[in-house]
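Heads up, the thing below is written out as structure tokens.
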Number of protein chains: 2
Amino acid sequence: MATAAKVLTSRRSRRKGNLYDAQCPSRIVLDHVTSRWGSLVLLVLIDGTQRFSELGRAIGGVSEKMLAQTLQTLEADGLLLRTVYPTIPPKVEYSLTRLGTEAALHIRTLTNWVEDNVSTVMQFRSKRGGLQK
Amino acid sequence: MATAAKVLTSRRSRRKGNLYDAQCPSRIVLDHVTSRWGSLVLLVLIDGTQRFSELGRAIGGVSEKMLAQTLQTLEADGLLLRTVYPTIPPKVEYSLTRLGTEAALHIRTLTNWVEDNVSTVMQFRSKRGGLQK
DNA sequence: CGGTATCCAGCGCGATACTG
DNA sequence: CAGTATCGCGCTGGATACCG
């Protein structure tokens, strides 16, 4: 139906950016804050400044490589601040910027909702008897 | 310092689930709703019921395989409802459940925030001159 | 139309080793 | 301590073909 197609088109054009494109900046930033380790870093840093190794221990199960990569990305996005103390041994602290704090609070809202509703979801899944993936 | 470790421990135990474990149900559900195509499906369905091919066209760039897989996952999670009309040609409609609507609105809040702030992030990135990944 | 089945290329990510 | 460099495997996901 042409009408249905038209409705869809108008719906799409109403959106500000289009997250539908993988190259879209919004999509990229969204991927950063919702990524496996990105979201956890943001959540941990809500509680305050942390050092590199503290972050690693607090999160758990993250390799140094992925932690460093994640931190670089979030810093480049302006979501967190990296402070280097030129001492021996070296000491580097990470904290949220204003932008990062906003992002982190949104992530926390989302994760809180998930945690509040996960039992409902799991009941649903077990009834269906499958797809425990 | 032992104290720092203690603080961290107490911080972690304060959380309800621990998203830090990849096998944690909460983490899995979070991955589903924030996944590449999962979030887009939820956003599109806020506007109302859609057929399989309509979803595909509305989202754009998604393969049939990934769309089907995403829809199965979200249906298994109880986030969306799949209605099959046994006609020829077949017709299948997808709509959000109450749970799915809640999730979708949270996703929309997050994506709206990202779109509102993406310009700030991009300015930040271009100043730094690198990491356009 | 609305899927499933199969194949396989790319790269995300962990493991390991090394550095200032 | 806080990383970077390199290698290799595993799984995600796209392309293609087929089905009810």
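Each chain in the structure tokens gets a letter, A, B, ..., in the order shown, and its residues are numbered from 1; ligands are numbered from 1 in order too.
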
### Sel. of alpha helix (DSSP H) residues, chain B, as an MDAnalysis selection string
chainID B and resid 2:14 25:34 36:46 52:59 64:76 98:128

### Task
Give me the residues within 12 Å of A:Ile28 as a list in words, counting only C-alpha atoms (C1' of nucleotides) and dropping any in the same chain fewer than 6 places off.
Gly17, Asn18, Leu19, Tyr20, Asp21, Ala22, Thr34, Ser35, Thr73, Leu74 and Asp77 of chain A; Arg36, Thr111, Val114, Glu115, Val118, Val121, Met122, Leu131, Gln132 and Lys133 of chain B

Dump N, CA, C and O atoms for the selected residues as an mmCIF file, in the first residue's frame?
data_model
loop_
_atom_site.group_PDB
_atom_site.id
_atom_site.type_symbol
_atom_site.label_atom_id
_atom_site.label_comp_id
_atom_site.auth_asym_id
_atom_site.auth_seq_id
_atom_site.Cartn_x
_atom_site.Cartn_y
_atom_site.Cartn_z
ATOM 1 N N GLY A 17 17.988 12.807 14.280
ATOM 2 C CA GLY A 17 19.062 12.172 13.529
ATOM 3 C C GLY A 17 18.469 10.917 12.969
ATOM 4 O O GLY A 17 17.312 10.648 13.191
ATOM 5 N N ASN A 18 19.215 10.133 12.225
ATOM 6 C CA ASN A 18 18.677 8.800 12.038
ATOM 7 C C ASN A 18 19.642 7.743 12.522
ATOM 8 O O ASN A 18 20.694 7.496 11.966
ATOM 9 N N LEU A 19 19.212 7.182 13.612
ATOM 10 C CA LEU A 19 19.973 6.138 14.280
ATOM 11 C C LEU A 19 20.055 4.894 13.422
ATOM 12 O O LEU A 19 20.754 3.945 13.747
ATOM 13 N N TYR A 20 19.309 4.919 12.318
ATOM 14 C CA TYR A 20 19.222 3.740 11.472
ATOM 15 C C TYR A 20 20.499 3.504 10.700
ATOM 16 O O TYR A 20 20.750 2.428 10.202
ATOM 17 N N ASP A 21 21.314 4.533 10.623
ATOM 18 C CA ASP A 21 22.578 4.416 9.901
ATOM 19 C C ASP A 21 23.716 4.168 10.891
ATOM 20 O O ASP A 21 23.909 4.927 11.829
ATOM 21 N N ALA A 22 24.461 3.103 10.627
ATOM 22 C CA ALA A 22 25.550 2.727 11.535
ATOM 23 C C ALA A 22 26.629 3.806 11.586
ATOM 24 O O ALA A 22 27.364 3.900 12.562
ATOM 25 N N THR A 34 26.362 2.428 25.634
ATOM 26 C CA THR A 34 25.649 1.192 25.950
ATOM 27 C C THR A 34 26.537 -0.036 25.779
ATOM 28 O O THR A 34 26.092 -1.146 26.021
ATOM 29 N N SER A 35 27.780 0.170 25.363
ATOM 30 C CA SER A 35 28.654 -0.972 25.111
ATOM 31 C C SER A 35 28.905 -1.769 26.383
ATOM 32 O O SER A 35 28.756 -1.257 27.496
ATOM 33 N N THR A 73 37.879 5.786 24.477
ATOM 34 C CA THR A 73 36.705 6.179 23.699
ATOM 35 C C THR A 73 35.840 7.168 24.463
ATOM 36 O O THR A 73 35.455 8.216 23.944
ATOM 37 N N LEU A 74 35.546 6.836 25.726
ATOM 38 C CA LEU A 74 34.674 7.700 26.519
ATOM 39 C C LEU A 74 35.336 9.051 26.800
ATOM 40 O O LEU A 74 34.659 10.076 26.882
ATOM 41 N N ASP A 77 35.026 11.142 23.762
ATOM 42 C CA ASP A 77 33.646 11.624 23.627
ATOM 43 C C ASP A 77 33.344 12.763 24.602
ATOM 44 O O ASP A 77 32.261 13.334 24.573
ATOM 45 N N ARG B 36 22.117 -3.504 18.641
ATOM 46 C CA ARG B 36 22.038 -2.794 17.364
ATOM 47 C C ARG B 36 20.611 -2.687 16.827
ATOM 48 O O ARG B 36 20.086 -1.612 16.626
ATOM 49 N N THR B 111 18.111 7.691 23.758
ATOM 50 C CA THR B 111 18.496 8.117 22.409
ATOM 51 C C THR B 111 18.224 9.609 22.209
ATOM 52 O O THR B 111 18.989 10.285 21.530
ATOM 53 N N VAL B 114 21.075 11.395 23.710
ATOM 54 C CA VAL B 114 22.243 11.296 22.836
ATOM 55 C C VAL B 114 22.127 12.272 21.677
ATOM 56 O O VAL B 114 23.072 12.999 21.371
ATOM 57 N N GLU B 115 20.961 12.305 21.048
ATOM 58 C CA GLU B 115 20.793 13.198 19.901
ATOM 59 C C GLU B 115 20.894 14.666 20.311
ATOM 60 O O GLU B 115 21.401 15.490 19.558
ATOM 61 N N VAL B 118 24.845 15.058 20.972
ATOM 62 C CA VAL B 118 25.839 14.522 20.052
ATOM 63 C C VAL B 118 26.711 15.623 19.456
ATOM 64 O O VAL B 118 27.902 15.410 19.197
ATOM 65 N N VAL B 121 29.509 16.298 21.786
ATOM 66 C CA VAL B 121 30.477 15.207 21.722
ATOM 67 C C VAL B 121 31.342 15.321 20.471
ATOM 68 O O VAL B 121 32.564 15.181 20.532
ATOM 69 N N MET B 122 30.707 15.602 19.341
ATOM 70 C CA MET B 122 31.462 15.665 18.095
ATOM 71 C C MET B 122 32.442 16.828 18.092
ATOM 72 O O MET B 122 33.559 16.698 17.582
ATOM 73 N N LEU B 131 40.684 9.712 16.626
ATOM 74 C CA LEU B 131 39.712 8.720 17.075
ATOM 75 C C LEU B 131 38.320 8.940 16.498
ATOM 76 O O LEU B 131 37.336 9.023 17.231
ATOM 77 N N GLN B 132 38.224 9.029 15.202
ATOM 78 C CA GLN B 132 36.909 9.194 14.599
ATOM 79 C C GLN B 132 36.171 7.865 14.540
ATOM 80 O O GLN B 132 35.073 7.779 14.022
ATOM 81 N N LYS B 133 36.790 6.835 15.055
ATOM 82 C CA LYS B 133 36.119 5.527 15.067
ATOM 83 C C LYS B 133 34.754 5.672 15.665
ATOM 84 O O LYS B 133 33.937 4.832 15.639
#

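The space separating atom CA of A:Arg57 from atom CA of B:Arg125 comes to 28.4 Å.
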
Can you check which parts of chain B lie within 8 Å of chain C? Per residue, the shortest pair of atoms and distance in Å to one decimal, counting only C-alpha atoms (C1' of nucleotides), sorted by chain and number, as a Markdown table.
| residue | atom | partner | partner_atom | distance |
| --- | --- | --- | --- | --- |
| B:Phe52 | CA | C:DG2 | C1' | 7.1 |
| B:Ala68 | CA | C:DG3 | C1' | 7.6 |
| B:Pro89 | CA | C:DC1 | C1' | 5.4 |
| B:Pro90 | CA | C:DC1 | C1' | 5.4 |
| B:Lys91 | CA | C:DC1 | C1' | 6.6 |
| B:Val92 | CA | C:DG2 | C1' | 7.5 |

Counting only C-alpha atoms (C1' of nucleotides), what are the residues of chain D within 8 Å of chain A, and for each of them which pair of atoms is the nearest and at what distance in Å, to one decimal? Sort the table by chain and rising number, as a Markdown table.
| residue | atom | partner | partner_atom | distance |
| --- | --- | --- | --- | --- |
| D:DC1 | C1' | A:Pro90 | CA | 5.5 |
| D:DA2 | C1' | A:Pro90 | CA | 6.8 |
| D:DG3 | C1' | A:Ala68 | CA | 7.6 |

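A straight line drawn from atom CA of A:Cys24 to atom CA of B:Gly60 is 13.2 Å long.
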
### Task
Give the strand (DSSP E) residues of stretch 7-122 of chain A, as DSSP finds them on the backbone, and put them as a PyMOL selection string.
chain A and resi 50-51+80-85+91-96

Write out the residues from the selection above, keeping all heavy atoms, as a compact mmCIF listing (two decimals), in the first residue's frame.
# COMPACT_ATOMS: atom_id res chain seq x y z
N GLN A 50 37.87 7.20 40.20
CA GLN A 50 38.53 5.91 40.40
C GLN A 50 39.81 5.85 39.59
O GLN A 50 39.91 6.48 38.53
CB GLN A 50 37.62 4.77 39.93
CG GLN A 50 36.29 4.68 40.63
CD GLN A 50 36.37 3.92 41.94
OE1 GLN A 50 37.25 3.09 42.10
NE2 GLN A 50 35.47 4.22 42.86
N ARG A 51 40.76 5.07 40.06
CA ARG A 51 41.99 4.84 39.31
C ARG A 51 41.77 3.71 38.32
O ARG A 51 40.79 2.96 38.42
CB ARG A 51 43.13 4.48 40.27
CG ARG A 51 43.41 5.56 41.26
CD ARG A 51 44.56 5.18 42.16
NE ARG A 51 45.78 4.91 41.40
CZ ARG A 51 46.95 4.64 41.96
NH1 ARG A 51 47.04 4.58 43.29
NH2 ARG A 51 48.01 4.41 41.23
N LEU A 80 34.25 11.48 30.05
CA LEU A 80 35.03 11.38 31.28
C LEU A 80 36.36 12.07 31.16
O LEU A 80 36.88 12.31 30.07
CB LEU A 80 35.15 9.94 31.77
CG LEU A 80 35.67 8.84 30.87
CD1 LEU A 80 37.17 8.88 30.88
CD2 LEU A 80 35.18 7.50 31.39
N LEU A 81 36.90 12.38 32.34
CA LEU A 81 38.13 13.15 32.46
C LEU A 81 39.25 12.25 32.94
O LEU A 81 39.06 11.47 33.87
CB LEU A 81 37.90 14.28 33.47
CG LEU A 81 38.85 15.45 33.41
CD1 LEU A 81 38.70 16.18 32.08
CD2 LEU A 81 38.56 16.39 34.57
N ARG A 82 40.40 12.37 32.28
CA ARG A 82 41.55 11.54 32.63
C ARG A 82 42.62 12.44 33.23
O ARG A 82 43.08 13.38 32.58
CB ARG A 82 42.08 10.85 31.37
CG ARG A 82 43.25 9.94 31.58
CD ARG A 82 43.51 9.16 30.29
NE ARG A 82 44.60 8.22 30.43
CZ ARG A 82 45.87 8.50 30.16
NH1 ARG A 82 46.20 9.70 29.75
NH2 ARG A 82 46.80 7.57 30.29
N THR A 83 43.00 12.16 34.46
CA THR A 83 44.00 12.97 35.14
C THR A 83 45.23 12.14 35.43
O THR A 83 45.14 11.13 36.13
CB THR A 83 43.45 13.52 36.47
OG1 THR A 83 42.13 14.03 36.25
CG2 THR A 83 44.35 14.62 36.99
N VAL A 84 46.37 12.56 34.90
CA VAL A 84 47.60 11.82 35.08
C VAL A 84 48.47 12.49 36.12
O VAL A 84 48.76 13.69 36.00
CB VAL A 84 48.39 11.72 33.76
CG1 VAL A 84 49.64 10.87 33.95
CG2 VAL A 84 47.51 11.16 32.66
N TYR A 85 48.89 11.75 37.13
CA TYR A 85 49.84 12.26 38.11
C TYR A 85 51.21 11.71 37.75
O TYR A 85 51.41 10.49 37.80
CB TYR A 85 49.45 11.83 39.53
CG TYR A 85 48.11 12.37 39.96
CD1 TYR A 85 46.94 11.65 39.71
CD2 TYR A 85 48.02 13.61 40.58
CE1 TYR A 85 45.71 12.15 40.10
CE2 TYR A 85 46.78 14.12 40.96
CZ TYR A 85 45.63 13.38 40.72
OH TYR A 85 44.41 13.89 41.08
N LYS A 91 50.12 7.24 38.35
CA LYS A 91 48.78 7.20 38.91
C LYS A 91 47.85 7.96 37.97
O LYS A 91 48.13 9.11 37.61
CB LYS A 91 48.78 7.85 40.29
CG LYS A 91 47.43 7.96 40.95
CD LYS A 91 47.57 8.51 42.36
CE LYS A 91 46.21 8.80 42.99
NZ LYS A 91 46.35 9.35 44.34
N VAL A 92 46.79 7.31 37.55
CA VAL A 92 45.85 7.94 36.63
C VAL A 92 44.45 7.83 37.20
O VAL A 92 44.03 6.73 37.59
CB VAL A 92 45.91 7.30 35.24
CG1 VAL A 92 44.96 8.00 34.29
CG2 VAL A 92 47.33 7.33 34.69
N GLU A 93 43.77 8.95 37.26
CA GLU A 93 42.41 8.93 37.79
C GLU A 93 41.39 9.26 36.72
O GLU A 93 41.64 10.10 35.85
CB GLU A 93 42.28 9.94 38.94
CG GLU A 93 42.95 9.47 40.21
CD GLU A 93 42.68 10.43 41.35
OE1 GLU A 93 42.26 11.57 41.10
OE2 GLU A 93 42.93 10.04 42.51
N TYR A 94 40.25 8.62 36.82
CA TYR A 94 39.16 8.88 35.88
C TYR A 94 37.94 9.37 36.64
O TYR A 94 37.59 8.81 37.68
CB TYR A 94 38.81 7.60 35.11
CG TYR A 94 39.93 7.13 34.21
CD1 TYR A 94 40.91 6.26 34.68
CD2 TYR A 94 40.00 7.56 32.89
CE1 TYR A 94 41.94 5.84 33.86
CE2 TYR A 94 41.02 7.14 32.05
CZ TYR A 94 41.99 6.28 32.54
OH TYR A 94 43.01 5.86 31.73
N SER A 95 37.30 10.40 36.09
CA SER A 95 36.07 10.90 36.70
C SER A 95 35.12 11.33 35.60
O SER A 95 35.53 11.58 34.46
CB SER A 95 36.37 12.07 37.63
OG SER A 95 36.98 13.10 36.89
N LEU A 96 33.84 11.43 35.93
CA LEU A 96 32.84 11.82 34.95
C LEU A 96 32.84 13.33 34.74
O LEU A 96 33.00 14.09 35.69
CB LEU A 96 31.45 11.37 35.41
CG LEU A 96 31.21 9.87 35.50
CD1 LEU A 96 29.81 9.60 36.02
CD2 LEU A 96 31.42 9.21 34.15

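Counting only C-alpha atoms and comparing B:Ser63, B:Ser126, B:Thr101, B:Thr70, the residue that lies closest to chain A is B:Ser126.
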
### Query
When distances are computed from only C-alpha atoms, which of B:Gln23, B:Ser39, B:Ala76, B:Glu102 shows the smallest separation from chain A?
B:Ala76

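Comparing the minimum interatomic distances between chain B and each of A:Leu105, A:Ala58, A:Leu67, A:Leu45, counting only C-alpha atoms, we find that A:Ala58 sits nearest.
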
### Query
To one decimal place, how far is atom CA of A:His106 from atom CA of B:Leu110 in Å?
6.2 Å

### Within 9 Å of B:Ser119 using only C-alpha atoms (C1' of nucleotides), minus same-chain residues under 5 positions, as number ranges by chain
A: 25-26; B: 124

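Each of A:Leu71, A:Val33, A:Leu43, A:Ile59 was checked against chain B using only C-alpha atoms; the smallest atom-to-atom distance is that of A:Ile59.
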
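If only C-alpha atoms are the atoms counted, then among B:Gly48, B:Thr87, B:Gly56, B:Gly61 the closest residue to chain A is B:Gly61.
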